[in-house]
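Participant: Can you read through this structure? Questions will come right after.
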Amino acid sequence: DEVQMRVLADYALGKGVKRACVLAENTAYPVSLARAAQKYWQEQVGSELLNLEYNPGTVDFKPYILKARASRCEAVMLLTSPNCQGAAL
């Protein structure tokens with residue numbers, strides 16, 4: 001889990017991203033990934049990620065997109081469970 005998040009965060013950081021958010025499905029695996037991402041981002045950047053969680057089966061992501069936009073996120077890390085059945089963004 002931590003290795004995956006380090007790779008994803010390092011990619012964003014390599015692109016110059018300083019403000020990012022995590023949009024995670026509210027299930028065990030994605031939430032654990034979000035925690036790992038938050039920890040690593042804090043260590044590397046010194047600031048926290050905006051952490052947004054959605055319930056499985058969510059089809060309207062507009063509220064989450066608006067929150068990410070309002071916080072001026074430059075990147076969104078979308079974390080889902082392996083059997084995610086949500087709508088495509």
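Each chain of the structure tokens is named A, B, ... in the order shown, its residues numbered from 1; ligands are numbered from 1 in display order.
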Can you list, as a list in words, every protein, DNA or RNA residue that comes within 12 Å of Gly14 (chain A) when you count only C-alpha atoms, leaving out same-chain residues fewer than 5 positions away?

Facilitator: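 Result of the neighbour search: Arg6, Val7, Leu8, Ala9, Gln44, Val45 and Ala75 of chain A.
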
Participant: What parts of region 13-71 of chain A does DSSP call strand (DSSP E or B)? I'd like the answer as a PyMOL selection string.

Facilitator: chain A and resi 20-25+50-54

Participant: Contacts of Glu2 (chain A) at 8 Å or less, counting only C-alpha atoms, minus same-chain residues fewer than 3 places along, as a PDB file with C-alpha atoms, in the first residue's frame?

Facilitator:
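Contents of part-v4.pdb, freshly written:
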```
ATOM      1  CA  MET A   5       1.137   5.659  -2.798  1.00  0.00           C
ATOM      2  CA  ARG A   6       4.782   6.700  -2.893  1.00  0.00           C
ATOM      3  CA  LEU A  33      -4.303   3.763   0.652  1.00  0.00           C
ATOM      4  CA  ALA A  36      -0.628   6.050   3.326  1.00  0.00           C
ATOM      5  CA  ALA A  37      -0.835   8.821   0.726  1.00  0.00           C
TER       6      ALA A  37
END
```

Participant: Taking the DSSP secondary structure from the backbone, can you list the residues of chain A that are helix (DSSP H, G or I), as a count of residues only?

Facilitator: 40

Participant: So that I can check the surroundings of region 17-31 of chain A, please list as a PyMOL selection string every protein, DNA and RNA residue that reaches within 9 Å of it, counting only C-alpha atoms and ignoring chain neighbours fewer than 6 positions away.

Facilitator: chain A and resi 1+11+37-38+45+47-56+58+64+68+71-82+84

Participant: Those same residues, written as a short mmCIF file (atom, residue, chain, number, x, y, z; two decimals), in the first residue's frame with N, CA, C and O atoms?

Facilitator:
```
data_model
loop_
_atom_site.label_atom_id
_atom_site.label_comp_id
_atom_site.auth_asym_id
_atom_site.auth_seq_id
_atom_site.Cartn_x
_atom_site.Cartn_y
_atom_site.Cartn_z
N ASP A 1 0.82 -1.20 0.00
CA ASP A 1 0.00 0.00 0.00
C ASP A 1 0.87 1.26 0.00
O ASP A 1 0.65 2.15 -0.80
N TYR A 11 5.08 10.69 -8.66
CA TYR A 11 4.74 11.09 -10.03
C TYR A 11 4.15 12.51 -10.02
O TYR A 11 4.56 13.37 -10.82
N ALA A 37 -1.11 7.66 1.58
CA ALA A 37 -0.84 8.82 0.73
C ALA A 37 -0.70 10.08 1.57
O ALA A 37 0.20 10.89 1.36
N GLN A 38 -1.60 10.24 2.52
CA GLN A 38 -1.57 11.41 3.40
C GLN A 38 -0.26 11.48 4.17
O GLN A 38 0.39 12.54 4.24
N VAL A 45 5.99 17.02 1.27
CA VAL A 45 5.60 18.38 0.92
C VAL A 45 5.44 19.27 2.16
O VAL A 45 5.62 20.48 2.10
N SER A 47 2.59 19.58 3.71
CA SER A 47 1.19 19.99 3.79
C SER A 47 0.31 18.75 3.64
O SER A 47 0.76 17.70 3.17
N GLU A 48 -0.93 18.90 4.03
CA GLU A 48 -1.84 17.77 3.97
C GLU A 48 -2.57 17.73 2.64
O GLU A 48 -2.80 18.75 1.99
N LEU A 49 -2.94 16.53 2.26
CA LEU A 49 -3.81 16.32 1.11
C LEU A 49 -5.25 16.59 1.53
O LEU A 49 -5.62 16.31 2.68
N LEU A 50 -6.05 17.10 0.62
CA LEU A 50 -7.48 17.16 0.86
C LEU A 50 -7.98 15.73 0.72
O LEU A 50 -7.74 15.08 -0.30
N ASN A 51 -8.62 15.21 1.75
CA ASN A 51 -9.08 13.83 1.74
C ASN A 51 -10.60 13.80 1.59
O ASN A 51 -11.32 14.27 2.47
N LEU A 52 -11.07 13.26 0.48
CA LEU A 52 -12.49 13.14 0.21
C LEU A 52 -12.84 11.66 0.08
O LEU A 52 -12.13 10.92 -0.60
N GLU A 53 -13.92 11.24 0.73
CA GLU A 53 -14.35 9.85 0.64
C GLU A 53 -15.77 9.80 0.10
O GLU A 53 -16.61 10.61 0.46
N TYR A 54 -16.00 8.83 -0.78
CA TYR A 54 -17.34 8.63 -1.33
C TYR A 54 -17.78 7.21 -1.03
O TYR A 54 -16.97 6.31 -0.87
N ASN A 55 -19.09 7.02 -0.94
CA ASN A 55 -19.64 5.70 -0.65
C ASN A 55 -19.69 4.85 -1.91
O ASN A 55 -19.89 5.37 -3.02
N PRO A 56 -19.52 3.54 -1.76
CA PRO A 56 -19.63 2.64 -2.92
C PRO A 56 -20.98 2.85 -3.62
O PRO A 56 -21.99 3.07 -2.96
N THR A 58 -21.68 5.37 -5.57
CA THR A 58 -21.89 6.78 -5.88
C THR A 58 -21.80 6.98 -7.39
O THR A 58 -20.92 6.45 -8.05
N TYR A 64 -17.79 16.34 -4.98
CA TYR A 64 -16.38 16.08 -4.70
C TYR A 64 -15.48 16.89 -5.64
O TYR A 64 -14.45 17.42 -5.23
N ALA A 68 -12.76 19.76 -4.59
CA ALA A 68 -11.37 19.72 -5.07
C ALA A 68 -11.03 21.02 -5.79
O ALA A 68 -9.95 21.59 -5.58
N SER A 71 -10.60 23.95 -3.36
CA SER A 71 -9.35 23.91 -2.60
C SER A 71 -8.13 24.09 -3.49
O SER A 71 -7.01 24.04 -3.03
N ARG A 72 -8.38 24.30 -4.78
CA ARG A 72 -7.34 24.56 -5.78
C ARG A 72 -6.35 23.40 -5.93
O ARG A 72 -5.15 23.60 -6.08
N CYS A 73 -6.90 22.19 -5.88
CA CYS A 73 -6.06 21.01 -6.10
C CYS A 73 -5.55 21.01 -7.53
O CYS A 73 -6.28 21.32 -8.46
N GLU A 74 -4.30 20.64 -7.68
CA GLU A 74 -3.70 20.53 -9.00
C GLU A 74 -3.75 19.10 -9.52
O GLU A 74 -3.52 18.87 -10.70
N ALA A 75 -4.03 18.17 -8.62
CA ALA A 75 -4.12 16.75 -9.00
C ALA A 75 -5.09 16.05 -8.07
O ALA A 75 -5.24 16.44 -6.90
N VAL A 76 -5.76 15.04 -8.59
CA VAL A 76 -6.67 14.21 -7.81
C VAL A 76 -6.21 12.77 -7.93
O VAL A 76 -6.05 12.26 -9.03
N MET A 77 -6.00 12.14 -6.78
CA MET A 77 -5.66 10.72 -6.76
C MET A 77 -6.94 9.95 -6.47
O MET A 77 -7.51 10.08 -5.39
N LEU A 78 -7.41 9.20 -7.44
CA LEU A 78 -8.65 8.45 -7.31
C LEU A 78 -8.33 7.04 -6.84
O LEU A 78 -7.61 6.30 -7.52
N LEU A 79 -8.83 6.68 -5.68
CA LEU A 79 -8.54 5.39 -5.07
C LEU A 79 -9.84 4.60 -4.95
O LEU A 79 -10.77 5.03 -4.27
N THR A 80 -9.87 3.43 -5.57
CA THR A 80 -11.07 2.59 -5.54
C THR A 80 -10.71 1.19 -5.11
O THR A 80 -9.55 0.80 -5.11
N SER A 81 -11.72 0.42 -4.77
CA SER A 81 -11.50 -0.98 -4.45
C SER A 81 -11.36 -1.75 -5.74
O SER A 81 -11.80 -1.32 -6.80
N PRO A 82 -10.72 -2.94 -5.69
CA PRO A 82 -10.53 -3.72 -6.90
C PRO A 82 -11.82 -4.10 -7.61
O PRO A 82 -11.84 -4.28 -8.81
N CYS A 84 -14.58 -2.18 -7.79
CA CYS A 84 -15.37 -0.95 -7.86
C CYS A 84 -16.41 -1.05 -8.96
O CYS A 84 -16.14 -1.42 -10.09
#
```
